[in-house]
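Structure file coords-v3.pdb (PDB, C-alpha atoms and all ligand atoms) follows.
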```pdb
ATOM      1  CA  MET A 287      -0.090  54.258 -11.843
ATOM      2  CA  GLY A 288      -3.331  54.892  -9.976
ATOM      3  CA  PRO A 289      -5.968  52.332  -9.152
ATOM      4  CA  VAL A 290      -7.073  50.491 -12.250
ATOM      5  CA  THR A 291      -9.226  47.439 -11.700
ATOM      6  CA  MET A 292     -10.203  45.428 -14.696
ATOM      7  CA  THR A 293     -11.156  41.846 -15.400
ATOM      8  CA  LEU A 294     -10.631  40.336 -18.788
ATOM      9  CA  ARG A 295     -12.690  37.261 -19.533
ATOM     10  CA  ARG A 296     -11.815  34.465 -21.889
ATOM     11  CA  GLY A 297     -12.751  35.381 -25.413
ATOM     12  CA  GLU A 298     -12.979  39.059 -24.575
ATOM     13  CA  LEU A 299     -11.465  41.786 -26.734
ATOM     14  CA  ALA A 300     -10.930  45.018 -24.771
ATOM     15  CA  ALA A 301      -9.630  48.344 -26.031
ATOM     16  CA  VAL A 302      -7.606  50.740 -23.903
ATOM     17  CA  MET A 303      -7.779  54.351 -25.008
ATOM     18  CA  GLY A 304      -6.439  57.557 -23.543
ATOM     19  CA  PRO A 305      -3.974  60.343 -24.274
ATOM     20  CA  SER A 306      -0.239  59.848 -24.619
ATOM     21  CA  GLY A 307       1.257  59.169 -21.197
ATOM     22  CA  SER A 308      -2.059  58.039 -19.689
ATOM     23  CA  GLY A 309      -0.678  54.579 -18.917
ATOM     24  CA  LYS A 310      -1.877  52.331 -21.754
ATOM     25  CA  SER A 311       1.500  50.689 -22.373
ATOM     26  CA  THR A 312       2.069  50.401 -18.629
ATOM     27  CA  LEU A 313      -1.239  48.580 -18.188
ATOM     28  CA  LEU A 314      -0.353  46.142 -20.975
ATOM     29  CA  SER A 315       3.101  45.472 -19.488
ATOM     30  CA  LEU A 316       1.578  44.694 -16.102
ATOM     31  CA  ALA A 317      -1.080  42.422 -17.605
ATOM     32  CA  GLY A 318       1.582  40.491 -19.507
ATOM     33  CA  ALA A 319       3.943  40.088 -16.556
ATOM     34  CA  LEU A 320       6.556  42.135 -18.423
ATOM     35  CA  ASP A 321       6.652  44.561 -15.526
ATOM     36  CA  GLN A 322       5.764  44.314 -11.850
ATOM     37  CA  PRO A 323       3.287  46.555 -10.074
ATOM     38  CA  THR A 324       4.511  48.708  -7.172
ATOM     39  CA  GLU A 325       1.044  48.196  -5.668
ATOM     40  CA  GLY A 326      -1.881  45.896  -6.329
ATOM     41  CA  GLN A 327      -2.143  42.511  -7.954
ATOM     42  CA  VAL A 328      -2.302  40.968 -11.382
ATOM     43  CA  LEU A 329      -4.199  37.680 -11.446
ATOM     44  CA  VAL A 330      -4.020  35.348 -14.443
ATOM     45  CA  GLY A 331      -6.426  32.445 -14.258
ATOM     46  CA  GLY A 332      -6.999  33.421 -10.618
ATOM     47  CA  ILE A 333      -3.305  33.191  -9.710
ATOM     48  CA  ASP A 334      -1.399  36.209  -8.420
ATOM     49  CA  LEU A 335       1.600  36.677 -10.712
ATOM     50  CA  ALA A 336       3.657  37.902  -7.744
ATOM     51  CA  SER A 337       3.358  34.430  -6.180
ATOM     52  CA  LEU A 338       4.941  32.636  -9.155
ATOM     53  CA  ARG A 339       8.555  31.556  -9.247
ATOM     54  CA  PRO A 340      10.652  33.260 -11.952
ATOM     55  CA  ALA A 341      10.856  30.112 -14.093
ATOM     56  CA  VAL A 342       7.079  29.664 -14.012
ATOM     57  CA  LEU A 343       6.609  33.326 -14.849
ATOM     58  CA  ALA A 344       8.988  32.995 -17.780
ATOM     59  CA  ASP A 345       6.990  30.012 -19.058
ATOM     60  CA  LEU A 346       3.779  31.976 -18.735
ATOM     61  CA  ARG A 347       5.239  34.929 -20.635
ATOM     62  CA  ARG A 348       6.438  32.655 -23.406
ATOM     63  CA  ARG A 349       3.540  30.229 -23.745
ATOM     64  CA  THR A 350       0.453  32.049 -22.631
ATOM     65  CA  VAL A 351       0.991  35.702 -23.450
ATOM     66  CA  GLY A 352       1.670  37.204 -26.844
ATOM     67  CA  SER A 353       2.688  40.853 -27.109
ATOM     68  CA  VAL A 354       2.858  43.362 -29.906
ATOM     69  CA  PHE A 355       5.053  46.227 -28.762
ATOM     70  CA  GLN A 356       5.004  49.771 -30.020
ATOM     71  CA  ASP A 357       8.435  49.191 -31.583
ATOM     72  CA  PHE A 358       7.749  45.597 -32.845
ATOM     73  CA  ASN A 359      11.028  44.056 -31.545
ATOM     74  CA  LEU A 360      11.570  41.904 -34.632
ATOM     75  CA  LEU A 361      14.962  40.237 -34.986
ATOM     76  CA  PRO A 362      16.623  41.671 -38.117
ATOM     77  CA  GLY A 363      18.716  38.544 -38.753
ATOM     78  CA  LEU A 364      15.642  36.328 -39.063
ATOM     79  CA  ASN A 365      13.185  36.349 -41.936
ATOM     80  CA  ALA A 366       9.452  36.842 -41.356
ATOM     81  CA  ARG A 367       8.695  33.141 -40.964
ATOM     82  CA  GLU A 368      11.624  32.620 -38.583
ATOM     83  CA  ASN A 369      10.595  35.612 -36.475
ATOM     84  CA  VAL A 370       7.106  34.172 -36.098
ATOM     85  CA  SER A 371       8.195  30.589 -35.415
ATOM     86  CA  LEU A 372      10.919  31.540 -32.925
ATOM     87  CA  PRO A 373       8.693  31.623 -29.812
ATOM     88  CA  LEU A 374       7.397  28.155 -30.689
ATOM     89  CA  GLU A 375      10.908  26.828 -31.285
ATOM     90  CA  LEU A 376      12.013  28.275 -27.945
ATOM     91  CA  ASP A 377       9.112  26.382 -26.453
ATOM     92  CA  ARG A 378      10.473  23.169 -28.035
ATOM     93  CA  VAL A 379       7.677  22.770 -30.561
ATOM     94  CA  PRO A 380       9.059  20.479 -33.331
ATOM     95  CA  LEU A 381      10.558  22.540 -36.140
ATOM     96  CA  HIS A 382       8.181  21.421 -38.899
ATOM     97  CA  GLU A 383       5.170  22.185 -36.693
ATOM     98  CA  ALA A 384       6.569  25.568 -35.705
ATOM     99  CA  ARG A 385       7.193  26.441 -39.351
ATOM    100  CA  ALA A 386       3.732  25.374 -40.448
ATOM    101  CA  ALA A 387       2.118  27.368 -37.634
ATOM    102  CA  ALA A 388       4.229  30.418 -38.523
ATOM    103  CA  GLU A 389       3.261  30.196 -42.182
ATOM    104  CA  ALA A 390      -0.414  29.876 -41.263
ATOM    105  CA  ALA A 391      -0.172  32.899 -38.934
ATOM    106  CA  LEU A 392       1.557  34.968 -41.638
ATOM    107  CA  GLY A 393      -1.189  33.930 -44.055
ATOM    108  CA  ARG A 394      -3.822  35.212 -41.643
ATOM    109  CA  VAL A 395      -2.200  38.663 -41.539
ATOM    110  CA  GLY A 396      -1.919  38.689 -45.337
ATOM    111  CA  LEU A 397       1.826  38.091 -45.558
ATOM    112  CA  GLY A 398       1.853  34.499 -46.804
ATOM    113  CA  ASP A 399       3.927  35.490 -49.834
ATOM    114  CA  LEU A 400       6.542  37.403 -47.866
ATOM    115  CA  ALA A 401       7.491  34.737 -45.320
ATOM    116  CA  HIS A 402      11.087  34.575 -46.610
ATOM    117  CA  ARG A 403      11.666  38.362 -46.443
ATOM    118  CA  PHE A 404      13.778  39.985 -43.762
ATOM    119  CA  PRO A 405      12.336  42.817 -41.657
ATOM    120  CA  ASP A 406      14.624  45.440 -43.242
ATOM    121  CA  ASP A 407      13.171  44.619 -46.660
ATOM    122  CA  LEU A 408       9.577  45.130 -45.554
ATOM    123  CA  SER A 409       7.452  48.219 -44.987
ATOM    124  CA  GLY A 410       6.560  49.435 -41.502
ATOM    125  CA  GLY A 411       3.046  48.062 -41.864
ATOM    126  CA  GLU A 412       4.326  44.680 -43.018
ATOM    127  CA  ARG A 413       6.719  44.537 -40.053
ATOM    128  CA  GLN A 414       3.830  45.339 -37.795
ATOM    129  CA  ARG A 415       1.818  42.454 -39.205
ATOM    130  CA  ILE A 416       4.749  40.076 -38.608
ATOM    131  CA  ALA A 417       4.794  41.206 -34.980
ATOM    132  CA  ILE A 418       1.056  40.531 -34.768
ATOM    133  CA  ALA A 419       1.450  37.056 -36.302
ATOM    134  CA  ARG A 420       4.240  36.293 -33.828
ATOM    135  CA  ALA A 421       2.033  37.381 -30.940
ATOM    136  CA  PHE A 422      -0.840  34.990 -31.639
ATOM    137  CA  VAL A 423       1.007  32.012 -33.159
ATOM    138  CA  GLY A 424       0.685  28.759 -31.218
ATOM    139  CA  THR A 425      -1.512  28.288 -28.186
ATOM    140  CA  LYS A 426      -1.599  31.756 -26.648
ATOM    141  CA  SER A 427      -4.472  32.644 -24.349
ATOM    142  CA  LEU A 428      -3.764  36.355 -23.869
ATOM    143  CA  LEU A 429      -2.748  38.808 -26.550
ATOM    144  CA  LEU A 430      -1.531  42.296 -25.642
ATOM    145  CA  ALA A 431      -1.278  44.669 -28.546
ATOM    146  CA  ASP A 432       0.125  48.173 -28.165
ATOM    147  CA  GLU A 433      -1.287  50.254 -31.011
ATOM    148  CA  PRO A 434      -1.099  47.306 -33.427
ATOM    149  CA  THR A 435      -2.783  49.255 -36.187
ATOM    150  CA  GLY A 436      -0.662  52.398 -35.787
ATOM    151  CA  ALA A 437       1.511  51.975 -38.890
ATOM    152  CA  LEU A 438      -1.219  50.442 -41.040
ATOM    153  CA  ASP A 439      -3.421  52.053 -43.662
ATOM    154  CA  SER A 440      -7.098  52.058 -42.728
ATOM    155  CA  VAL A 441      -8.038  48.993 -44.803
ATOM    156  CA  THR A 442      -5.220  46.891 -43.319
ATOM    157  CA  GLY A 443      -5.958  48.262 -39.856
ATOM    158  CA  GLU A 444      -9.591  47.167 -40.106
ATOM    159  CA  ARG A 445      -8.451  43.808 -41.397
ATOM    160  CA  ILE A 446      -6.196  43.324 -38.347
ATOM    161  CA  MET A 447      -9.035  44.282 -35.995
ATOM    162  CA  ARG A 448     -11.336  41.807 -37.747
ATOM    163  CA  LEU A 449      -8.663  39.121 -37.263
ATOM    164  CA  LEU A 450      -8.333  39.968 -33.553
ATOM    165  CA  ARG A 451     -12.128  39.759 -33.286
ATOM    166  CA  GLU A 452     -12.077  36.286 -34.904
ATOM    167  CA  LEU A 453      -9.263  35.106 -32.639
ATOM    168  CA  CYS A 454     -11.177  36.298 -29.571
ATOM    169  CA  ASP A 455     -14.414  34.733 -30.790
ATOM    170  CA  ALA A 456     -12.376  31.495 -30.909
ATOM    171  CA  GLY A 457     -11.340  31.864 -27.251
ATOM    172  CA  LEU A 458      -8.335  34.191 -27.109
ATOM    173  CA  SER A 459      -8.478  37.186 -24.758
ATOM    174  CA  ALA A 460      -6.914  40.420 -25.953
ATOM    175  CA  ILE A 461      -6.253  43.966 -24.827
ATOM    176  CA  VAL A 462      -5.522  46.488 -27.543
ATOM    177  CA  ALA A 463      -4.215  49.982 -26.867
ATOM    178  CA  THR A 464      -5.420  52.238 -29.615
ATOM    179  CA  HIS A 465      -6.031  55.877 -30.486
ATOM    180  CA  ASN A 466      -8.488  54.878 -33.197
ATOM    181  CA  ALA A 467     -12.174  54.889 -32.215
ATOM    182  CA  SER A 468     -13.273  52.873 -35.249
ATOM    183  CA  HIS A 469     -10.792  50.160 -34.291
ATOM    184  CA  ALA A 470     -12.033  50.251 -30.699
ATOM    185  CA  ALA A 471     -15.506  49.615 -32.082
ATOM    186  CA  TRP A 472     -14.477  46.014 -32.828
ATOM    187  CA  CYS A 473     -13.961  45.459 -29.095
ATOM    188  CA  ASP A 474     -16.376  44.195 -26.453
ATOM    189  CA  ARG A 475     -15.599  47.188 -24.290
ATOM    190  CA  VAL A 476     -13.391  50.213 -24.088
ATOM    191  CA  LEU A 477     -11.397  51.326 -21.043
ATOM    192  CA  TYR A 478     -10.508  54.994 -21.012
ATOM    193  CA  LEU A 479      -7.382  55.909 -19.084
ATOM    194  CA  LYS A 480      -6.517  59.379 -17.911
ATOM    195  CA  ASP A 481      -3.395  60.077 -15.836
ATOM    196  CA  GLY A 482      -3.103  56.398 -14.970
ATOM    197  CA  GLN A 483      -6.699  56.126 -13.760
ATOM    198  CA  LEU A 484      -9.817  54.694 -15.273
ATOM    199  CA  ALA A 485     -12.163  57.288 -16.680
ATOM    200  CA  GLY A 486     -15.362  56.732 -18.631
ATOM    201  CA  SER A 487     -18.865  55.613 -18.036
ATOM    202  CA  PRO A 488     -19.611  52.838 -15.499
ATOM    203  CA  ASP A 489     -21.182  50.828 -18.309
ATOM    204  CA  SER A 490     -18.002  50.696 -20.288
ATOM    205  CA  VAL A 491     -15.701  49.593 -17.505
ATOM    206  CA  SER A 492     -15.665  46.815 -14.967
ATOM    207  CA  ALA A 493     -14.600  48.864 -11.975
ATOM    208  CA  ALA A 494     -15.548  46.553  -9.139
ATOM    209  CA  GLY A 495     -14.861  43.095  -7.910
ATOM    210  CA  GLY A 496     -12.348  42.117 -10.535
ATOM    211  CA  ALA A 497      -8.714  41.199 -10.845
TER     212      ALA A 497
HETATM  213  N1  LIG B   1       9.523  52.428 -16.410
HETATM  214  C1  LIG B   1       8.922  53.558 -16.050
HETATM  215  N2  LIG B   1       9.178  54.136 -14.860
HETATM  216  C2  LIG B   1       8.553  55.253 -14.474
HETATM  217  N3  LIG B   1       7.624  55.891 -15.228
HETATM  218  C3  LIG B   1       7.315  55.365 -16.408
HETATM  219  C4  LIG B   1       7.937  54.180 -16.887
HETATM  220  N4  LIG B   1       7.404  53.884 -18.128
HETATM  221  C5  LIG B   1       6.512  54.864 -18.387
HETATM  222  N5  LIG B   1       6.459  55.748 -17.370
HETATM  223  C6  LIG B   1       5.571  56.916 -17.265
HETATM  224  O1  LIG B   1       4.260  56.425 -17.012
HETATM  225  C7  LIG B   1       3.297  57.212 -17.704
HETATM  226  C8  LIG B   1       2.461  56.318 -18.615
HETATM  227  O2  LIG B   1       3.291  55.871 -19.699
HETATM  228  P1  LIG B   1       2.763  54.860 -20.786
HETATM  229  O3  LIG B   1       3.929  54.521 -21.639
HETATM  230  O4  LIG B   1       2.051  53.747 -20.129
HETATM  231  O5  LIG B   1       1.722  55.789 -21.574
HETATM  232  P2  LIG B   1       0.869  55.480 -22.879
HETATM  233  O6  LIG B   1      -0.565  55.725 -22.530
HETATM  234  O7  LIG B   1       1.222  54.154 -23.427
HETATM  235  O8  LIG B   1       1.352  56.623 -23.884
HETATM  236  P3  LIG B   1       1.528  56.627 -25.514
HETATM  237  O9  LIG B   1       0.152  56.836 -26.084
HETATM  238  O10 LIG B   1       2.433  57.799 -25.751
HETATM  239  O11 LIG B   1       2.145  55.317 -25.913
HETATM  240  C9  LIG B   1       4.073  58.287 -18.443
HETATM  241  O12 LIG B   1       4.037  59.447 -17.647
HETATM  242  C10 LIG B   1       5.461  57.710 -18.536
HETATM  243  O13 LIG B   1       6.421  58.741 -18.601
HETATM  244 MG    MG B   2       2.162  53.565 -25.115
END
```
Could you render the structure as structure tokens?
Amino acid sequence: MGPVTMTLRRGELAAVMGPSGSGKSTLLSLAGALDQPTEGQVLVGGIDLASLRPAVLADLRRRTVGSVFQDFNLLPGLNARENVSLPLELDRVPLHEARAAAEAALGRVGLGDLAHRFPDDLSGGERQRIAIARAFVGTKSLLLADEPTGALDSVTGERIMRLLRELCDAGLSAIVATHNASHAAWCDRVLYLKDGQLAGSPDSVSAAGGA
């Protein structure tokens, strides 16, 4: 990937747009420490991820970063509530707290009544909302969402963007890859990628002095 410099502030909601293959998913993977850059640095809270020991990096990925992947990655053997509470349970949050947090998160994405359902018995859009609930449950500070509204009808898509906006107004930072300009309009700024490079007007990107 070419030189992309961006800084994401606390509470900021940024959209990444660009054609298929332009590097949106790659940028999200690098920001979430799910992949390592061949060049350049990724700083989280001022710390270069490359300087962290693997165990610390694993903690960061689990506790600090929530991801919604293009293919959701839900566990088919767990119901919706269990899928959402799993990251908290792995982080040794007491079971009753993890369950309550998972139910609250499912309520926020409009799936409060379907918490006991298994992924295979839900629609694509419902599965997507479980993945979104799982990504922000608990005390995450960075949410990375790869086309989180892709499988959703326009009303539900807008509803998810409004929720992301609320979460960011409450202090979360998020990067959302999207092809949908009206969803990008919920964001503080839009980064346009083309062939792995930043394109777009200087006003819409932070191209200097950042992490
Ligand atoms: N692990 C990898 N190793 C090498 N090249 C990769 C790898 N993953 C993706 N690529 C390539 O990097 C480029 C950017 O891919 P990426 O998945 O980031 O695009 P994208 O903008 O998310 O596209 P889409 O809109 O289709 O999801 C593509 O040319 C892709 O083939
Ligand atoms: Mg992609």
Which residue is closest to Val370 of chain A? Choose from A:Glu433, A:Glu452, A:Asp357, A:Glu389 and count all atoms listed in the file.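 Ranking A:Glu433, A:Glu452, A:Asp357, A:Glu389 by distance to Val370 of chain A, first place goes to A:Glu389.
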Starting from the shown file, work through the PyMOL selection byres (((chain A and resi 467-471) around 9) and not hetatm) and note down what comes out as an MDAnalysis selection string. chainID A and resid 300:303 435 443:444 447 462:466 472:476
Which distance in Å separates atom CA of Leu299 of chain A and atom CA of Cys454 of chain A, to one decimal?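 Value for the atom CA of Leu299 of chain A-atom CA of Cys454 of chain A distance: 6.2 Å.
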Would you translate the PyMOL selection byres (((chain A and resi 397) around 10) and not hetatm) into the concrete set of residues it matches in this file, as a list in words?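 Here the PyMOL selection byres (((chain A and resi 397) around 10) and not hetatm) matches Ala366, Arg367, Glu389, Ala390, Ala391, Leu392, Gly393, Arg394, Val395, Gly396, Gly398, Asp399, Leu400, Ala401, His402, Arg403, Glu412, Arg413, Arg415, Ile416 and Ala419 of chain A.
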Near ligand LIG 1 (chain B), 9 Å: chain A residue rows, closest pairs, only C-alpha atoms and all ligand atoms, as a Markdown table:
```
| residue | atom | partner | partner_atom | distance |
| --- | --- | --- | --- | --- |
| A:Met287 | CA | B:LIG1 | O1 | 7.1 |
| A:Val302 | CA | B:LIG1 | O6 | 8.7 |
| A:Met303 | CA | B:LIG1 | O6 | 7.8 |
| A:Gly304 | CA | B:LIG1 | O6 | 6.2 |
| A:Pro305 | CA | B:LIG1 | O9 | 5.7 |
| A:Ser306 | CA | B:LIG1 | O9 | 3.4 |
| A:Gly307 | CA | B:LIG1 | O5 | 3.4 |
| A:Ser308 | CA | B:LIG1 | O6 | 4.0 |
| A:Gly309 | CA | B:LIG1 | O4 | 3.1 |
| A:Lys310 | CA | B:LIG1 | O6 | 3.7 |
| A:Ser311 | CA | B:LIG1 | O7 | 3.6 |
| A:Thr312 | CA | B:LIG1 | O4 | 3.7 |
| A:Leu313 | CA | B:LIG1 | O4 | 6.4 |
| A:Leu314 | CA | B:LIG1 | O4 | 8.0 |
| A:Ser315 | CA | B:LIG1 | O4 | 8.4 |
| A:Asp321 | CA | B:LIG1 | N1 | 8.4 |
| A:Gln356 | CA | B:LIG1 | O11 | 7.5 |
| A:Asp432 | CA | B:LIG1 | O7 | 7.7 |
| A:Glu433 | CA | B:LIG1 | O11 | 8.0 |
| A:Ala463 | CA | B:LIG1 | O7 | 7.7 |
| A:Thr464 | CA | B:LIG1 | O9 | 8.0 |
| A:His465 | CA | B:LIG1 | O9 | 7.7 |
| A:Leu479 | CA | B:LIG1 | O6 | 7.6 |
| A:Lys480 | CA | B:LIG1 | O6 | 8.4 |
| A:Asp481 | CA | B:LIG1 | C8 | 7.5 |
| A:Gly482 | CA | B:LIG1 | C8 | 6.7 |
```
Check what the PyMOL selection byres (((chain A and resi 334) around 12) and not hetatm) selects in the file above and give those residues as a list of chain:residue names.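 In the shown coordinates, the PyMOL selection byres (((chain A and resi 334) around 12) and not hetatm) covers A:Leu316, A:Ala317, A:Ala319, A:Gln322, A:Pro323, A:Gly326, A:Gln327, A:Val328, A:Leu329, A:Val330, A:Gly331, A:Gly332, A:Ile333, A:Leu335, A:Ala336, A:Ser337, A:Leu338, A:Arg339, A:Leu343, A:Ala497.
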Residue nearest ligand MG 2 (chain B) - candidates A:Gly436, A:Gly352, A:Pro340, A:Pro373, atoms counted: only C-alpha atoms and all ligand atoms: A:Gly436
Considering all atoms listed in the file, can you say which of A:Asp439, A:Arg296, A:Gln483, A:Leu320 comes closest to Ser353 of chain A?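 Answer, going by the shortest atom-to-atom distance: A:Leu320.
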Distance in Å - atom CA of Gly363 of chain A versus atom CA of Ala384 of chain A: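 Atom CA of Ala384 of chain A lies at a distance of 18.0 Å from atom CA of Gly363 of chain A.
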Counting only C-alpha atoms and all ligand atoms, figure out which residue out of A:Arg378, A:Thr442, A:Val354, A:Leu408 gets nearest to ligand MG 2 (chain B).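 Closest to ligand MG 2 (chain B) of all the choices is A:Val354.
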In Å, rounded to a single decimal, give me how far atom CA of Arg385 of chain A is from atom CA of Ser371 of chain A.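 Between these atoms lies a distance of 5.8 Å.
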Best match for closeness to ligand MG 2 (chain B) among A:Phe355, A:Glu368, A:Leu477, A:Asp455, counting only C-alpha atoms and all ligand atoms: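 The answer is A:Phe355, which sits nearest to ligand MG 2 (chain B).
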With only C-alpha atoms and all ligand atoms as the basis for distance, which of A:Val423, A:Ala437, A:Ala431, A:Ala460 is at the shortest distance from ligand MG 2 (chain B)?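 Nearest candidate to ligand MG 2 (chain B) out of A:Val423, A:Ala437, A:Ala431, A:Ala460: A:Ala431.
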